Amino acid sequence: MKKLVLILCLFIATADVGAVGLESRQFTPYFNMRVGQGAYLPNQGAFFTGANMNLGVGLLSKITDKHVLFALYNLDFRGQAFQFPNTQEFDSKSQAHLFSFEYRWNVGDRWRVRPSVAFGKTYTQTAAAEVWGHGLYDDKSAGLQLAGDYTFPIRQKDAVLTPMISRYVIRFPNYSDILREFRGENANTGLAGGLKDQVLLEFSLGFKYAPWRAKLRFNTVDFKSERVVQASATYGTDKQADSNVILEGGMDAKLWILETSPQIRFVTHKSNQNFLLFQSATDATPAFAGNYYGYKEVSLGLPVFLNMTKNWAASGELDLQKRTYDSRHPRDSQNQFVSGRQSDNMVTLSAGLRKRMNDVSAFTLTYSVTTARSNNKFERYLPSSYTGQGLVLAYQLTY
C-alpha cells in the first residue's frame, strides 16, 4: 500500500507536464482518483476507521479521425465501513483491479461502434483471519463487450442511444462449500474445484439526453458446477442460475447556486438456489427454505450542493436503499424462521463542505448518520439493525 501511494504521488506531480506533451502527439491521458479516510461509530460495538480509494488511469490514442483506442486501468479499494443489513460485516475489505482495452470506430455521422476486452482480479477479506490473496471470495474475470452509440437529434439537441452486450467468465479459485467440507464429500478433490465459477451474460440499453440519463440492464449468471440444494439436505441435478433486471435513471441539474444529481435504481433478482438452516453442526433435520435469494430492491440518491463562493460549497445528501425478499422468512433472535417476508433497509443522511483547490481537484469533509433496520432479528454473524455516525475526509482529482 505504501508503494502504491508513492506511485500515485509521483504520477500526480508529473501529470500536468506529461499531459501537454502527450496531447500534442494525438495522445490524451485520463486520470481520476478519489481517496477517502473515514471514522465510524456504531451504536453497538467499537469505534473503527476505514479507507476507500477509486483510481482510474487511461490513455486515449487517436489513430485517425474515425479510429481511436482507449486503454484503462481501474483500482477500487473498499475498506471498513457500514454495510447494508445481512450482507457483510463492518470490517470486510476488498480491492479490485480491472484492465480494459476499447476500440472506437465512428461509422458515418450517427454510429460509433465500441468492441472491448477486459481482465480483472478481486481480492477480499471477509474474516479477520483471511490474508490478501487467499480470500474465500477472491475472483478472476475475463470478458468481451460490444457497444454501439447512436446519436440523433431531439428538439435541436443530441440524444444518444447505447445498446450493449457483454460476456464475462468469473472464477473463484479459493471458494469451498462448508456443507461439503463438513461431510467430507470433497476430501480428496480440493474442495474448491470451480464450484462457484460462473458465466455472466448481460444485455443493456442506455439513453442520454441532457440533463437526463437512463439505462435498462438484463443479465444471467450461470454457474459451472454449483448445484441446487434440495429439501433432503442433498444437492440435486440442476445447476444454480441467477438473473437480474436493473432499471436506473438520473439527471444533472443546476439552478443559480444549487447543483444536484438525483438518481434512482430498481433491481429484481431471481435465483433457483434454496437454503438449509442448520441449528448446529450436528443438526440432522435442517429447516428448508425455497427461493431463498430472490428479492426486489429500490435505491434513491439525492445529493445537493450549495455553492457559497467560487471555491466553497455546502453539501447535503439522502441515500435510501430498501430490499424485500420474495419468499425468505425473517428469523427471530433464536435463529428460527417466523412468518412474513424479510425486509431490509438503510437510510443515510449526510452534510458537509467541499473546497475546490483548482479546476481539477477538491477536498470534501462529510458527516453522516446511518440507520439500518431489518425484521430479521438473528445477528450472531452479520448486523441487521444498527445506527451509526461517520466522518469522512476525501480528496478528488480528475483531468
# chains A, B, ... in the order shown; residues from 1 in each chain; ligands from 1
>>> residues_around(residues="Ala214 (chain A)", least_positions_apart="4", cutoff="8 Å", atoms="only C-alpha atoms", output="PyMOL selection string")
chain A and resi 206-208+247-250
>>> residues_around(residues="Phe203 (chain A)", least_positions_apart="4", cutoff="8 Å", atoms="only C-alpha atoms", output="NGL selection string")
:A and (163-166 or 217-219)
>>> residues_around(residues="region 143-151 of chain A", least_positions_apart="4", cutoff="7 Å", atoms="only C-alpha atoms", output="list in words")
Arg110, Trp111, Arg112, Val113, Arg114, Pro115, Ser116, Val117, Ala118, Phe119, Asp158, Ala159, Val160, Leu161, Thr162, Pro163, Met164, Ile165, Ser166, Arg167, Tyr168 and Val169 of chain A
>>> select_by_dssp(residues="region 104-181 of chain A", states="strand (DSSP E)", output="number ranges by chain")
A: 104-107, 111-125, 139-154, 157-171
>>> write_last_selection(atoms="N, CA and C atoms", output="compact mmCIF listing (two decimals), in the first residue's frame")
# COMPACT_ATOMS: atom_id res chain seq x y z
N ARG A 104 -12.65 2.23 -30.69
CA ARG A 104 -13.80 3.06 -31.05
C ARG A 104 -13.73 3.42 -32.53
N TRP A 105 -14.81 3.10 -33.24
CA TRP A 105 -14.86 3.29 -34.69
C TRP A 105 -16.11 4.11 -35.03
N ASN A 106 -15.90 5.31 -35.54
CA ASN A 106 -17.01 6.16 -35.97
C ASN A 106 -17.46 5.73 -37.36
N VAL A 107 -18.68 5.23 -37.43
CA VAL A 107 -19.24 4.75 -38.69
C VAL A 107 -20.28 5.76 -39.17
N TRP A 111 -23.30 6.66 -36.00
CA TRP A 111 -22.94 5.49 -35.23
C TRP A 111 -21.47 5.50 -34.79
N ARG A 112 -21.24 5.01 -33.58
CA ARG A 112 -19.90 4.71 -33.11
C ARG A 112 -19.93 3.31 -32.50
N VAL A 113 -19.07 2.43 -33.01
CA VAL A 113 -19.01 1.04 -32.55
C VAL A 113 -17.83 0.89 -31.60
N ARG A 114 -18.05 0.18 -30.45
CA ARG A 114 -17.01 0.08 -29.42
C ARG A 114 -16.85 -1.36 -28.91
N PRO A 115 -16.09 -2.20 -29.61
CA PRO A 115 -15.74 -3.51 -29.04
C PRO A 115 -14.62 -3.36 -28.01
N SER A 116 -14.62 -4.23 -26.99
CA SER A 116 -13.59 -4.13 -25.95
C SER A 116 -13.36 -5.49 -25.30
N VAL A 117 -12.20 -5.60 -24.64
CA VAL A 117 -11.88 -6.77 -23.83
C VAL A 117 -11.50 -6.27 -22.44
N ALA A 118 -11.71 -7.10 -21.43
CA ALA A 118 -11.41 -6.69 -20.05
C ALA A 118 -10.91 -7.89 -19.25
N PHE A 119 -10.00 -7.61 -18.33
CA PHE A 119 -9.45 -8.62 -17.43
C PHE A 119 -9.43 -8.04 -16.03
N GLY A 120 -9.81 -8.84 -15.05
CA GLY A 120 -9.86 -8.31 -13.69
C GLY A 120 -9.51 -9.34 -12.64
N LYS A 121 -9.19 -8.82 -11.46
CA LYS A 121 -8.92 -9.67 -10.31
C LYS A 121 -9.38 -8.93 -9.06
N THR A 122 -10.11 -9.63 -8.19
CA THR A 122 -10.63 -9.04 -6.97
C THR A 122 -10.15 -9.84 -5.77
N TYR A 123 -9.63 -9.12 -4.77
CA TYR A 123 -9.21 -9.74 -3.51
C TYR A 123 -10.20 -9.32 -2.43
N THR A 124 -10.51 -10.24 -1.53
CA THR A 124 -11.47 -9.94 -0.46
C THR A 124 -10.92 -10.37 0.89
N GLN A 125 -11.39 -9.69 1.92
CA GLN A 125 -11.17 -10.11 3.31
C GLN A 125 -12.53 -10.05 4.00
N ASP A 139 -11.71 -13.53 -6.80
CA ASP A 139 -12.12 -13.98 -8.13
C ASP A 139 -11.23 -13.41 -9.22
N LYS A 140 -11.23 -14.10 -10.35
CA LYS A 140 -10.55 -13.65 -11.56
C LYS A 140 -11.60 -13.61 -12.67
N SER A 141 -11.55 -12.57 -13.51
CA SER A 141 -12.56 -12.42 -14.56
C SER A 141 -11.92 -12.05 -15.88
N ALA A 142 -12.57 -12.45 -16.96
CA ALA A 142 -12.15 -12.07 -18.31
C ALA A 142 -13.41 -11.98 -19.15
N GLY A 143 -13.48 -10.98 -20.01
CA GLY A 143 -14.71 -10.81 -20.77
C GLY A 143 -14.56 -10.01 -22.04
N LEU A 144 -15.61 -10.08 -22.85
CA LEU A 144 -15.73 -9.34 -24.11
C LEU A 144 -16.98 -8.49 -24.07
N GLN A 145 -16.93 -7.35 -24.73
CA GLN A 145 -18.08 -6.45 -24.75
C GLN A 145 -18.18 -5.77 -26.11
N LEU A 146 -19.41 -5.60 -26.57
CA LEU A 146 -19.66 -4.88 -27.82
C LEU A 146 -20.76 -3.85 -27.57
N ALA A 147 -20.43 -2.59 -27.81
CA ALA A 147 -21.39 -1.50 -27.59
C ALA A 147 -21.46 -0.64 -28.84
N GLY A 148 -22.59 0.04 -29.00
CA GLY A 148 -22.77 0.97 -30.11
C GLY A 148 -23.46 2.23 -29.62
N ASP A 149 -23.00 3.37 -30.05
CA ASP A 149 -23.61 4.66 -29.69
C ASP A 149 -24.27 5.25 -30.93
N TYR A 150 -25.58 5.43 -30.87
CA TYR A 150 -26.33 6.03 -31.98
C TYR A 150 -26.78 7.42 -31.57
N THR A 151 -26.31 8.44 -32.27
CA THR A 151 -26.62 9.83 -31.95
C THR A 151 -27.68 10.36 -32.91
N PHE A 152 -28.72 11.00 -32.34
CA PHE A 152 -29.79 11.54 -33.16
C PHE A 152 -30.35 12.79 -32.48
N PRO A 153 -30.92 13.71 -33.25
CA PRO A 153 -31.39 14.97 -32.65
C PRO A 153 -32.81 14.86 -32.09
N ILE A 154 -33.04 15.54 -30.98
CA ILE A 154 -34.37 15.75 -30.42
C ILE A 154 -34.45 17.22 -30.02
N LYS A 157 -31.24 19.21 -29.94
CA LYS A 157 -30.19 18.72 -29.05
C LYS A 157 -29.94 17.25 -29.37
N ASP A 158 -28.68 16.83 -29.20
CA ASP A 158 -28.32 15.45 -29.49
C ASP A 158 -28.71 14.51 -28.36
N ALA A 159 -29.28 13.38 -28.72
CA ALA A 159 -29.55 12.29 -27.80
C ALA A 159 -28.72 11.09 -28.24
N VAL A 160 -28.36 10.25 -27.28
CA VAL A 160 -27.52 9.08 -27.58
C VAL A 160 -28.19 7.82 -27.04
N LEU A 161 -28.34 6.84 -27.94
CA LEU A 161 -28.89 5.54 -27.57
C LEU A 161 -27.76 4.52 -27.65
N THR A 162 -27.56 3.74 -26.57
CA THR A 162 -26.41 2.84 -26.50
C THR A 162 -26.84 1.41 -26.17
N PRO A 163 -26.98 0.55 -27.20
CA PRO A 163 -27.17 -0.88 -26.93
C PRO A 163 -25.82 -1.54 -26.63
N MET A 164 -25.84 -2.59 -25.79
CA MET A 164 -24.59 -3.22 -25.39
C MET A 164 -24.83 -4.68 -25.04
N ILE A 165 -23.86 -5.52 -25.37
CA ILE A 165 -23.87 -6.91 -24.96
C ILE A 165 -22.47 -7.26 -24.43
N SER A 166 -22.42 -8.00 -23.33
CA SER A 166 -21.13 -8.37 -22.74
C SER A 166 -21.21 -9.77 -22.16
N ARG A 167 -20.07 -10.43 -22.13
CA ARG A 167 -19.98 -11.78 -21.58
C ARG A 167 -18.70 -11.89 -20.77
N TYR A 168 -18.82 -12.34 -19.51
CA TYR A 168 -17.68 -12.46 -18.62
C TYR A 168 -17.64 -13.87 -18.02
N VAL A 169 -16.43 -14.42 -17.93
CA VAL A 169 -16.19 -15.67 -17.23
C VAL A 169 -15.51 -15.31 -15.90
N ILE A 170 -16.10 -15.72 -14.78
CA ILE A 170 -15.61 -15.37 -13.45
C ILE A 170 -15.27 -16.65 -12.69
N ARG A 171 -14.05 -16.70 -12.18
CA ARG A 171 -13.58 -17.89 -11.46
C ARG A 171 -13.25 -17.54 -10.01
>>> residues_around(residues="region 259-264 of chain A", least_positions_apart="5", cutoff="6 Å", atoms="only C-alpha atoms", output="tab-separated table (two decimals) with C-alpha atoms, in the first residue's frame")
chain	number	residue	atom	x	y	z
A	248	GLU	CA	-31.72	3.08	-13.32
A	249	GLY	CA	-32.13	6.73	-14.16
A	250	GLY	CA	-30.93	10.15	-13.14
A	251	MET	CA	-30.23	13.72	-14.14
A	252	ASP	CA	-27.78	16.57	-13.58
A	253	ALA	CA	-29.28	19.93	-12.80
A	254	LYS	CA	-28.00	23.39	-11.83
A	299	SER	CA	-32.44	2.74	-4.03
A	300	LEU	CA	-32.50	6.51	-4.20
A	301	GLY	CA	-29.69	9.04	-4.06
A	302	LEU	CA	-30.34	12.77	-3.74
A	303	PRO	CA	-27.18	14.91	-3.40
A	304	VAL	CA	-27.37	18.72	-3.27
A	305	PHE	CA	-24.55	21.28	-3.38
>>> closest_residue(among="A:Tyr367, A:Phe31, A:Tyr292, A:Phe172", to="Lys270 (chain A)", atoms="only C-alpha atoms")
A:Tyr292
>>> residues_around(residues="Leu277 (chain A)", least_positions_apart="3", cutoff="7 Å", atoms="only C-alpha atoms", output="number ranges by chain")
A: 286-288
>>> closest_residue(among="A:Ser204, A:Asn74, A:Gln80, A:Gln230", to="Leu276 (chain A)", atoms="only C-alpha atoms")
A:Gln230
>>> atom_distance(atom1="CA of Gly36 (chain A)", atom2="CA of Ile257 (chain A)")
25.9 Å
>>> residues_around(residues="His134 (chain A)", least_positions_apart="4", cutoff="8 Å", atoms="only C-alpha atoms", output="PyMOL selection string")
chain A and resi 123+130+138+174
>>> closest_residue(among="A:Ala71, A:Ala96, A:Trp212, A:Phe90", to="Met53 (chain A)", atoms="only C-alpha atoms")
A:Ala96
